[in-house]
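Novice: File follows, work30.pdb with PDB, C-alpha atoms (C1' of nucleotides):
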MODEL        1
ATOM      1  CA  MET R   5     122.751 -19.012  63.232
ATOM      2  CA  PRO R   6     120.412 -18.016  60.553
ATOM      3  CA  GLU R   7     118.855 -20.522  58.169
ATOM      4  CA  LEU R   8     115.405 -20.515  56.599
ATOM      5  CA  ALA R   9     113.406 -20.538  59.843
ATOM      6  CA  GLU R  10     115.429 -17.759  61.428
ATOM      7  CA  LEU R  11     115.198 -15.572  58.304
ATOM      8  CA  LYS R  12     111.423 -15.957  58.428
ATOM      9  CA  ILE R  13     111.399 -14.996  62.091
ATOM     10  CA  MET R  14     113.570 -11.965  61.331
ATOM     11  CA  SER R  15     111.201 -10.808  58.598
ATOM     12  CA  GLU R  16     108.316 -10.961  61.065
ATOM     13  CA  TYR R  17     110.320  -9.140  63.709
ATOM     14  CA  ILE R  18     111.088  -6.365  61.222
ATOM     15  CA  ASN R  19     107.466  -6.097  60.091
ATOM     16  CA  LYS R  20     106.195  -6.013  63.639
ATOM     17  CA  ASN R  21     108.517  -3.165  64.609
ATOM     18  CA  ALA R  22     108.334  -1.270  61.323
ATOM     19  CA  ASN R  23     104.561  -1.346  61.158
ATOM     20  CA  ASN R  24     103.012   2.138  61.073
ATOM     21  CA  ARG R  25     106.388   3.795  61.494
ATOM     22  CA  ILE R  26     108.001   6.425  59.293
ATOM     23  CA  PHE R  27     111.637   5.827  58.405
ATOM     24  CA  ILE R  28     113.874   8.825  57.785
ATOM     25  CA  GLY R  29     117.165   7.352  56.610
ATOM     26  CA  LEU R  30     119.718   4.604  56.631
ATOM     27  CA  ARG R  31     123.400   4.435  57.497
ATOM     28  CA  LYS R  32     126.120   1.873  58.038
ATOM     29  CA  SER R  33     128.852   1.460  60.628
ATOM     30  CA  VAL R  34     132.302   2.892  59.957
ATOM     31  CA  VAL R  35     133.870  -0.577  59.922
ATOM     32  CA  SER R  36     131.423  -2.069  57.428
ATOM     33  CA  LYS R  37     133.046  -2.943  54.092
ATOM     34  CA  VAL R  38     129.784  -3.385  52.222
ATOM     35  CA  LYS R  39     130.012  -1.166  49.125
ATOM     36  CA  THR R  40     126.276  -0.798  48.475
ATOM     37  CA  PRO R  41     125.338   2.912  48.246
ATOM     38  CA  MET R  42     123.454   4.240  51.251
ATOM     39  CA  LYS R  43     121.898   7.110  49.326
ATOM     40  CA  ILE R  44     118.180   6.835  48.562
ATOM     41  CA  PRO R  45     116.000   9.177  46.509
ATOM     42  CA  PHE R  46     113.447   9.934  49.216
ATOM     43  CA  ASP R  47     113.309  11.403  52.718
ATOM     44  CA  PHE R  48     110.454   9.442  54.260
ATOM     45  CA  PHE R  49     109.611   5.802  53.706
ATOM     46  CA  THR R  50     108.096   2.646  55.146
ATOM     47  CA  ILE R  51     109.728  -0.774  55.388
ATOM     48  CA  THR R  52     108.226  -4.205  54.893
ATOM     49  CA  ALA R  53     110.227  -7.423  54.942
ATOM     50  CA  VAL R  54     109.849 -10.843  53.358
ATOM     51  CA  SER R  55     112.237 -13.786  53.451
ATOM     52  CA  ARG R  56     112.921 -16.402  50.793
ATOM     53  CA  GLY R  57     115.250 -19.222  51.785
ATOM     54  CA  LYS R  58     118.295 -17.567  53.286
ATOM     55  CA  GLU R  59     117.634 -14.152  51.758
ATOM     56  CA  LEU R  60     115.667 -11.259  53.186
ATOM     57  CA  LYS R  61     114.061  -8.537  51.085
ATOM     58  CA  LEU R  62     113.327  -5.132  52.593
ATOM     59  CA  LYS R  63     110.955  -3.019  50.582
ATOM     60  CA  LEU R  64     111.548   0.669  51.180
ATOM     61  CA  ALA R  65     108.522   2.564  49.909
ATOM     62  CA  SER R  66     107.924   6.294  49.734
ATOM     63  CA  LYS R  67     104.856   8.098  48.512
ATOM     64  CA  ASP R  68     105.749   7.603  44.857
ATOM     65  CA  SER R  69     108.664   5.190  44.564
ATOM     66  CA  GLU R  70     110.194   2.133  46.143
ATOM     67  CA  MET R  71     113.477   0.258  46.378
ATOM     68  CA  ASN R  72     114.277  -3.300  47.418
ATOM     69  CA  LEU R  73     117.242  -4.188  49.550
ATOM     70  CA  ILE R  74     118.284  -7.853  49.396
ATOM     71  CA  CYS R  75     120.073  -9.002  52.522
ATOM     72  CA  SER R  76     121.943 -12.172  53.419
ATOM     73  CA  MET R  77     122.707 -12.676  57.069
ATOM     74  CA  GLY R  78     125.988 -14.585  57.035
ATOM     75  CA  MET R  79     126.794 -16.649  60.109
ATOM     76  CA  SER R  80     125.679 -14.274  62.833
ATOM     77  CA  GLY R  81     123.313 -11.653  61.436
ATOM     78  CA  ASN R  82     120.177 -10.656  63.326
ATOM     79  CA  TRP R  83     117.927  -7.618  63.713
ATOM     80  CA  PHE R  84     117.246  -5.432  66.683
ATOM     81  CA  PHE R  85     114.943  -2.524  67.320
ATOM     82  CA  SER R  86     116.163   0.058  69.831
ATOM     83  CA  LYS R  87     116.269   3.727  70.672
ATOM     84  CA  THR R  88     118.498   5.702  68.340
ATOM     85  CA  GLY R  89     121.901   5.955  69.951
ATOM     86  CA  GLU R  90     121.367   2.731  71.862
ATOM     87  CA  GLU R  91     122.018   0.346  68.987
ATOM     88  CA  PRO R  92     123.656  -2.926  70.079
ATOM     89  CA  LYS R  93     127.374  -3.449  69.591
ATOM     90  CA  HIS R  94     128.118  -4.801  66.104
ATOM     91  CA  SER R  95     125.207  -2.981  64.467
ATOM     92  CA  HIS R  96     126.319  -2.436  60.871
ATOM     93  CA  LEU R  97     123.248  -1.326  58.944
ATOM     94  CA  MET R  98     120.854   1.038  60.674
ATOM     95  CA  PHE R  99     117.448   2.380  59.655
ATOM     96  CA  ASP R 100     116.379   5.443  61.583
ATOM     97  CA  ILE R 101     112.737   6.009  62.427
ATOM     98  CA  LEU R 102     110.852   9.202  63.162
ATOM     99  CA  GLY R 103     110.551   9.582  66.930
ATOM    100  CA  GLY R 104     114.013   8.384  67.932
ATOM    101  CA  TRP R 105     113.968   4.683  67.129
ATOM    102  CA  THR R 106     116.323   2.585  65.031
ATOM    103  CA  LEU R 107     116.185  -0.829  63.402
ATOM    104  CA  SER R 108     119.653  -2.387  63.190
ATOM    105  CA  LEU R 109     121.277  -5.314  61.442
ATOM    106  CA  VAL R 110     123.483  -6.683  64.195
ATOM    107  CA  ASP R 111     126.249  -8.972  63.002
ATOM    108  CA  VAL R 112     129.264  -9.891  65.093
ATOM    109  CA  ARG R 113     131.234 -11.566  62.317
ATOM    110  CA  ARG R 114     130.276  -9.089  59.578
ATOM    111  CA  PHE R 115     129.561 -11.757  56.947
ATOM    112  CA  ALA R 116     126.116 -10.279  56.289
ATOM    113  CA  LYS R 117     125.714  -8.430  52.990
ATOM    114  CA  TRP R 118     123.076  -6.213  51.396
ATOM    115  CA  LYS R 119     122.484  -4.815  47.933
ATOM    116  CA  TRP R 120     119.735  -3.072  45.969
ATOM    117  CA  GLY R 121     117.794  -5.289  43.580
ATOM    118  CA  ASN R 122     115.892  -8.502  43.796
ATOM    119  CA  TRP R 123     116.254 -12.144  44.825
ATOM    120  CA  ASN R 124     119.593 -13.564  43.743
ATOM    121  CA  THR R 125     118.893 -15.602  40.612
ATOM    122  CA  GLY R 126     121.442 -18.208  41.664
ATOM    123  CA  ARG R 127     119.199 -19.312  44.512
ATOM    124  CA  GLY R 128     116.223 -21.639  44.185
ATOM    125  CA  PRO R 129     112.643 -21.285  45.423
ATOM    126  CA  ASP R 130     111.818 -21.316  49.122
ATOM    127  CA  PRO R 131     111.051 -24.936  50.109
ATOM    128  CA  THR R 132     108.280 -23.847  52.500
ATOM    129  CA  TYR R 133     106.046 -21.326  50.728
ATOM    130  CA  GLU R 134     107.190 -22.108  47.181
ATOM    131  CA  TYR R 135     107.112 -25.859  47.691
ATOM    132  CA  GLU R 136     105.760 -26.808  44.263
ATOM    133  CA  GLU R 137     108.394 -24.738  42.465
ATOM    134  CA  PHE R 138     111.021 -26.138  44.812
ATOM    135  CA  VAL R 139     110.048 -29.733  43.987
ATOM    136  CA  ASN R 140     109.768 -29.033  40.256
ATOM    137  CA  ASN R 141     113.150 -27.333  40.218
ATOM    138  CA  ILE R 142     114.626 -30.535  41.604
ATOM    139  CA  TYR R 143     112.814 -33.134  39.500
ATOM    140  CA  ASP R 144     113.316 -31.083  36.327
ATOM    141  CA  ASN R 145     117.056 -31.102  36.984
ATOM    142  CA  ILE R 146     117.520 -34.491  38.626
ATOM    143  CA  ASP R 147     119.881 -35.566  35.811
ATOM    144  CA  HIS R 148     121.950 -32.446  36.267
ATOM    145  CA  LYS R 149     125.525 -33.353  37.166
ATOM    146  CA  SER R 150     125.257 -31.836  40.627
ATOM    147  CA  PHE R 151     122.699 -34.481  41.658
ATOM    148  CA  GLN R 152     125.474 -37.051  41.439
ATOM    149  CA  ARG R 153     126.920 -35.449  44.560
ATOM    150  CA  GLU R 154     126.256 -36.830  48.025
ATOM    151  CA  ILE R 155     122.847 -35.845  49.339
ATOM    152  CA  SER R 156     124.357 -34.484  52.559
ATOM    153  CA  GLU R 157     126.503 -32.039  50.595
ATOM    154  CA  LEU R 158     123.958 -31.117  47.959
ATOM    155  CA  LEU R 159     121.485 -30.052  50.655
ATOM    156  CA  LEU R 160     123.762 -27.063  51.268
ATOM    157  CA  ASP R 161     123.599 -26.009  47.604
ATOM    158  CA  GLN R 162     121.392 -22.916  47.567
ATOM    159  CA  LYS R 163     120.640 -23.318  43.857
ATOM    160  CA  TRP R 164     118.433 -26.283  44.784
ATOM    161  CA  PHE R 165     117.913 -25.983  48.535
ATOM    162  CA  ASN R 166     117.592 -22.287  49.282
ATOM    163  CA  GLY R 167     117.427 -21.859  53.022
ATOM    164  CA  ILE R 168     118.868 -25.203  54.058
ATOM    165  CA  GLY R 169     121.986 -24.809  56.184
ATOM    166  CA  ASN R 170     124.140 -26.941  58.387
ATOM    167  CA  TYR R 171     121.685 -27.713  61.170
ATOM    168  CA  LEU R 172     118.726 -28.202  58.826
ATOM    169  CA  ARG R 173     120.539 -30.670  56.542
ATOM    170  CA  SER R 174     121.514 -32.859  59.489
ATOM    171  CA  THR R 175     118.018 -32.727  60.931
ATOM    172  CA  ILE R 176     116.374 -33.441  57.556
ATOM    173  CA  LEU R 177     118.562 -36.474  56.858
ATOM    174  CA  TYR R 178     118.110 -37.768  60.381
ATOM    175  CA  TYR R 179     114.299 -37.666  60.226
ATOM    176  CA  ALA R 180     114.358 -39.015  56.649
ATOM    177  CA  ASP R 181     116.412 -41.968  57.935
ATOM    178  CA  GLN R 182     118.567 -41.371  54.888
ATOM    179  CA  SER R 183     122.083 -42.618  54.227
ATOM    180  CA  PRO R 184     123.957 -39.311  53.906
ATOM    181  CA  TRP R 185     126.433 -40.397  51.230
ATOM    182  CA  MET R 186     124.082 -41.818  48.643
ATOM    183  CA  SER R 187     124.003 -39.753  45.463
ATOM    184  CA  ALA R 188     121.417 -36.997  45.692
ATOM    185  CA  LYS R 189     119.598 -38.391  42.660
ATOM    186  CA  ASP R 190     119.241 -41.885  44.090
ATOM    187  CA  ALA R 191     118.426 -40.600  47.555
ATOM    188  CA  ILE R 192     115.631 -38.324  46.318
ATOM    189  CA  LEU R 193     114.132 -40.870  43.911
ATOM    190  CA  GLN R 194     114.179 -43.659  46.486
ATOM    191  CA  ASN R 195     113.231 -41.505  49.457
ATOM    192  CA  PRO R 196     111.068 -38.566  48.343
ATOM    193  CA  LYS R 197     110.345 -37.875  51.985
ATOM    194  CA  ILE R 198     113.608 -35.908  51.911
ATOM    195  CA  LEU R 199     111.909 -33.193  49.843
ATOM    196  CA  GLU R 200     108.862 -33.079  52.102
ATOM    197  CA  LEU R 201     111.183 -32.688  55.069
ATOM    198  CA  CYS R 202     112.882 -29.755  53.331
ATOM    199  CA  LYS R 203     109.559 -28.037  53.929
ATOM    200  CA  GLU R 204     108.475 -29.621  57.224
ATOM    201  CA  VAL R 205     111.757 -29.397  59.127
ATOM    202  CA  PRO R 206     112.246 -25.644  58.572
ATOM    203  CA  LEU R 207     108.577 -25.086  59.463
ATOM    204  CA  MET R 208     109.029 -27.078  62.654
ATOM    205  CA  ALA R 209     112.149 -25.053  63.498
ATOM    206  CA  TYR R 210     110.114 -21.918  62.863
ATOM    207  CA  LYS R 211     107.349 -23.116  65.184
ATOM    208  CA  MET R 212     109.937 -23.672  67.864
ATOM    209  CA  SER R 213     111.149 -20.083  67.441
ATOM    210  CA  GLY R 214     114.187 -21.001  65.400
ATOM    211  CA  GLY R 215     117.712 -22.052  66.134
ATOM    212  CA  GLN R 216     119.297 -21.275  69.431
ATOM    213  CA  LEU R 217     122.281 -23.529  69.375
ATOM    214  CA  LYS R 218     124.198 -21.140  71.524
ATOM    215  CA  ASP R 219     122.863 -18.059  73.226
ATOM    216  CA  TRP R 220     121.526 -16.419  70.152
ATOM    217  CA  ALA R 221     119.105 -13.776  71.286
ATOM    218  CA  ASN R 222     115.980 -14.402  69.283
ATOM    219  CA  PRO R 223     113.555 -11.766  70.552
ATOM    220  CA  PHE R 224     110.689 -14.210  70.104
ATOM    221  CA  ASN R 225     112.219 -17.057  72.066
ATOM    222  CA  LYS R 226     110.218 -18.534  74.844
ATOM    223  CA  PRO R 227     112.070 -20.680  77.386
ATOM    224  CA  GLU R 228     110.010 -23.763  76.573
ATOM    225  CA  ASP R 229     110.838 -23.396  72.878
ATOM    226  CA  LYS R 230     114.522 -23.397  73.699
ATOM    227  CA  ILE R 231     114.227 -26.798  75.359
ATOM    228  CA  SER R 232     112.083 -28.419  72.684
ATOM    229  CA  PHE R 233     114.269 -27.103  69.856
ATOM    230  CA  ARG R 234     117.395 -28.558  71.362
ATOM    231  CA  ASP R 235     115.721 -31.910  71.932
ATOM    232  CA  TRP R 236     114.295 -32.036  68.429
ATOM    233  CA  VAL R 237     117.106 -30.668  66.263
ATOM    234  CA  PHE R 238     119.761 -33.139  65.113
ATOM    235  CA  TYR R 239     122.896 -31.077  65.559
ATOM    236  CA  TYR R 240     125.837 -31.566  67.866
ATOM    237  CA  LYS R 241     124.434 -35.061  68.256
ATOM    238  CA  GLY R 242     125.410 -38.541  67.111
ATOM    239  CA  SER R 243     128.511 -38.818  64.963
ATOM    240  CA  SER R 244     130.234 -36.223  62.862
ATOM    241  CA  CYS R 245     132.792 -35.820  60.132
ATOM    242  CA  ILE R 246     134.188 -33.040  57.990
ATOM    243  CA  ASP R 247     132.461 -33.452  54.629
ATOM    244  CA  GLY R 248     133.859 -32.876  51.138
ATOM    245  CA  SER R 249     133.084 -29.175  51.301
ATOM    246  CA  GLY R 250     134.924 -28.754  54.567
ATOM    247  CA  ARG R 251     131.895 -28.419  56.820
ATOM    248  CA  ARG R 252     131.180 -30.456  59.895
ATOM    249  CA  PHE R 253     128.285 -32.828  59.311
ATOM    250  CA  TRP R 254     126.317 -34.516  62.130
ATOM    251  CA  PHE R 255     124.597 -37.819  61.457
ATOM    252  CA  ASP R 256     122.970 -40.877  62.966
ATOM    253  CA  PRO R 257     125.756 -43.221  64.141
ATOM    254  CA  LYS R 258     124.024 -46.083  62.278
ATOM    255  CA  TRP R 259     125.626 -44.739  59.068
ATOM    256  CA  GLU R 260     129.136 -44.602  60.471
ATOM    257  CA  SER R 261     130.362 -47.687  58.613
ATOM    258  CA  THR R 262     129.505 -46.110  55.259
ATOM    259  CA  CYS R 263     131.068 -42.732  56.025
ATOM    260  CA  PRO R 264     133.769 -41.950  53.452
ATOM    261  CA  TYR R 265     135.346 -39.306  55.664
ATOM    262  CA  GLU R 266     137.368 -39.525  58.814
ATOM    263  CA  LEU R 267     135.107 -39.653  61.828
ATOM    264  CA  LYS R 268     135.385 -37.033  64.508
ATOM    265  CA  SER R 269     137.609 -38.424  67.269
ATOM    266  CA  GLU R 270     135.683 -41.274  68.825
ATOM    267  CA  LYS R 271     138.229 -42.528  71.255
ATOM    268  CA  GLU R 272     141.201 -40.241  71.354
ATOM    269  CA  GLU R 273     144.263 -42.380  71.778
ATOM    270  CA  GLU R 274     145.843 -41.571  75.101
ATOM    271  CA  THR R 275     149.385 -40.479  74.563
ATOM    272  CA  PHE R 276     151.918 -40.800  77.297
ATOM    273  CA  GLU R 277     154.810 -38.472  77.434
ATOM    274  CA  THR R 278     158.031 -39.743  78.759
ATOM    275  CA  GLU R 279     161.100 -37.807  79.598
TER     276      GLU R 279
ATOM    277  C1'  DC G  16     147.683 -16.844  77.608
ATOM    278  C1'  DG G  17     146.860 -19.822  73.132
ATOM    279  C1'  DT G  18     144.180 -22.843  69.762
ATOM    280  C1'  DC G  19     139.950 -24.407  67.880
ATOM    281  C1'  DC G  20     135.389 -23.719  66.491
ATOM    282  C1'  DA G  21     130.928 -21.473  64.835
ATOM    283  C1'  DC G  22     123.504 -21.864  62.069
ATOM    284  C1'  DG G  23     127.642 -18.793  55.106
ATOM    285  C1'  DT G  24     129.026 -17.417  51.226
ATOM    286  C1'  DC G  25     132.812 -15.824  47.745
ATOM    287  C1'  DT G  26     137.078 -15.787  44.690
ATOM    288  C1'  DA G  27     141.066 -17.322  43.146
ATOM    289  C1'  DC G  28     145.009 -20.907  42.511
TER     290       DC G  28
ATOM    291  C1'  DT U   4     139.024 -27.487  46.900
ATOM    292  C1'  DA U   5     141.617 -24.401  49.793
ATOM    293  C1'  DG U   6     141.631 -20.001  51.882
ATOM    294  C1'  DA U   7     139.427 -15.404  52.940
ATOM    295  C1'  DC U   8     136.365 -12.820  55.387
ATOM    296  C1'  DC U   9     135.384 -11.689  61.044
ATOM    297  C1'  DT U  10     134.534 -11.781  66.324
ATOM    298  C1'  DG U  11     134.186 -14.125  70.460
ATOM    299  C1'  DG U  12     133.117 -18.187  73.305
ATOM    300  C1'  DA U  13     134.866 -22.702  74.954
ATOM    301  C1'  DC U  14     138.449 -25.049  76.550
ATOM    302  C1'  DG U  15     143.466 -26.439  77.524
ATOM    303  C1'  DG U  16     148.135 -25.367  79.655
TER     304       DG U  16
ENDMDL
END
What's the structure tokens form of this structure?

Specialist:
Amino acid sequence: MPELAELKIMSEYINKNANNRIFIGLRKSVVSKVKTPMKIPFDFFTITAVSRGKELKLKLASKDSEMNLICSMGMSGNWFFSKTGEEPKHSHLMFDILGGWTLSLVDVRRFAKWKWGNWNTGRGPDPTYEYEEFVNNIYDNIDHKSFQREISELLLDQKWFNGIGNYLRSTILYYADQSPWMSAKDAILQNPKILELCKEVPLMAYKMSGGQLKDWANPFNKPEDKISFRDWVFYYKGSSCIDGSGRRFWFDPKWESTCPYELKSEKEEETFETE
DNA sequence: CGTCCACGTCTAC
DNA sequence: TAGACCTGGACGG
């Protein structure tokens, strides 16, 4: 599930539960294939989290040193605070806290990754809290070859649109009333609202407690948010096709006639089997 | 039972 | 531009 809004919510969840607590170690599940060393040079530390696009940075700080862990959450990553020993199934990275509590990265599909260091340099600024840098990064590079690609596909490119994922790109293009297959350069120059929506749409998703397209257990979800998010988001709605990068893309049916890809089965031809 | 599908990257022909 | 990496829910026979 996680895109920009959900990463931001996760960072707040971590901060809320890590606040004023002393961490005493970290460990990973036996099935995890992440190679990042689990050894740290201190025994007691605090944790604070911040998100940027689709990355999450955990700052582990001891009395006299600190280390940053950069995490990406894959398709199903989330965080959960529990009693030690009662971590949810599919917990793969665990931080143990003095007093018998544990903060866990729970990830059914195990696509989440973590490594020591800093923000991945291949990813652009966060379109919400680094909006000016985000816009400059785009206009400064608008003649870059990649902006010849279709706007619907380029919105998934984290070099320019860090944090935008499959539900956000559909929702952004829907509210921008933008033809999805125009070149990104033309689309952005003719319809700069697209860039504003790269900030506003994730912020709106955040206000509504983030994506809950299935039964994703966002600890902050309120029932009324669930309803408004589903009504507002443009995903699993309208028409869809598999785009050039192999991802399903949902769009306003008004653009169907210009879609260069095969549309998702409108009217399945009834086939009759005869003996 | 089986097949398809999922809110994301990665790397390798 | 395919797969690969993963589990599990939805849905069909």

Novice: Please tabulate, as a tab-separated table, the residues of chain G that come within 10 Å of chain R, each with its closest pair of atoms and the distance in Å to one decimal, counting all atoms listed in the file and ordering rows by chain, then residue number upward.

Specialist:
residue	atom	partner	partner_atom	distance
G:DA21	C1'	R:Met79	CA	7.9
G:DC22	C1'	R:Met5	CA	3.2
G:DG23	C1'	R:Gly78	CA	4.9
G:DT24	C1'	R:Gly78	CA	7.1

Novice: Can you turn the PyMOL selection byres ((chain R) within 8 of (chain U)) into a concrete residue list for this file, as an MDAnalysis selection string?

Specialist: chainID R and resid 112:115 249

Novice: What lies within 8 Å of segment 11-16 of chain R using only C-alpha atoms (C1' of nucleotides), ignoring chain neighbours under 6 positions off, as JSON, numbers by chain?

Specialist: {"R": [53, 54, 55, 56, 57, 58, 59, 60, 82, 83, 210, 213, 214]}

Novice: Would you kindly return, as a ChimeraX atom specification, each protein, DNA or RNA residue with an atom no farther than 7 Å from any atom of Cys245 of chain R, considering all atoms listed in the file and excluding same-chain residues fewer than 4 positions away?

Specialist: /R:252-254,265-268

Novice: Enclose segment 17-21 of chain G, meaning all of its atoms listed in the file, in a box aligned along x, y and z, pad it by 8 Å on each side, and list the centre and edge lengths in Å to one decimal, as AutoDock Vina command-line options.

Specialist:
--center_x 138.9 --center_y -22.1 --center_z 69.0 --size_x 31.9 --size_y 20.6 --size_z 24.3

Novice: Enter the distance from atom CA of Lys43 of chain R to atom CA of Lys93 of chain R, in Å, rounded to one decimal.

Specialist: 23.5 Å

Novice: I need the residue set behind the PyMOL selection byres ((chain R and resi 99) around 8) for this file; please write it as a VMD selection string.

Specialist: chain R and resid 27 to 31 97 to 98 100 to 101 106 to 108

Novice: Using all atoms listed in the file, find all polymer residues with an atom at most 10 Å away from the point (111.0, -27.6, 44.3); report them as a PDB file with C-alpha atoms, keeping the file's coordinate frame.

Specialist:
ATOM      1  CA  GLY R 128     116.223 -21.639  44.185  1.00  0.00           C
ATOM      2  CA  PRO R 129     112.643 -21.285  45.423  1.00  0.00           C
ATOM      3  CA  ASP R 130     111.818 -21.316  49.122  1.00  0.00           C
ATOM      4  CA  PRO R 131     111.051 -24.936  50.109  1.00  0.00           C
ATOM      5  CA  THR R 132     108.280 -23.847  52.500  1.00  0.00           C
ATOM      6  CA  GLU R 134     107.190 -22.108  47.181  1.00  0.00           C
ATOM      7  CA  TYR R 135     107.112 -25.859  47.691  1.00  0.00           C
ATOM      8  CA  GLU R 136     105.760 -26.808  44.263  1.00  0.00           C
ATOM      9  CA  GLU R 137     108.394 -24.738  42.465  1.00  0.00           C
ATOM     10  CA  PHE R 138     111.021 -26.138  44.812  1.00  0.00           C
ATOM     11  CA  VAL R 139     110.048 -29.733  43.987  1.00  0.00           C
ATOM     12  CA  ASN R 140     109.768 -29.033  40.256  1.00  0.00           C
ATOM     13  CA  ASN R 141     113.150 -27.333  40.218  1.00  0.00           C
ATOM     14  CA  ILE R 142     114.626 -30.535  41.604  1.00  0.00           C
ATOM     15  CA  TYR R 143     112.814 -33.134  39.500  1.00  0.00           C
ATOM     16  CA  ASP R 144     113.316 -31.083  36.327  1.00  0.00           C
ATOM     17  CA  TRP R 164     118.433 -26.283  44.784  1.00  0.00           C
ATOM     18  CA  PHE R 165     117.913 -25.983  48.535  1.00  0.00           C
ATOM     19  CA  ASN R 166     117.592 -22.287  49.282  1.00  0.00           C
ATOM     20  CA  LEU R 199     111.909 -33.193  49.843  1.00  0.00           C
ATOM     21  CA  GLU R 200     108.862 -33.079  52.102  1.00  0.00           C
ATOM     22  CA  CYS R 202     112.882 -29.755  53.331  1.00  0.00           C
ATOM     23  CA  LYS R 203     109.559 -28.037  53.929  1.00  0.00           C
TER      24      LYS R 203
END
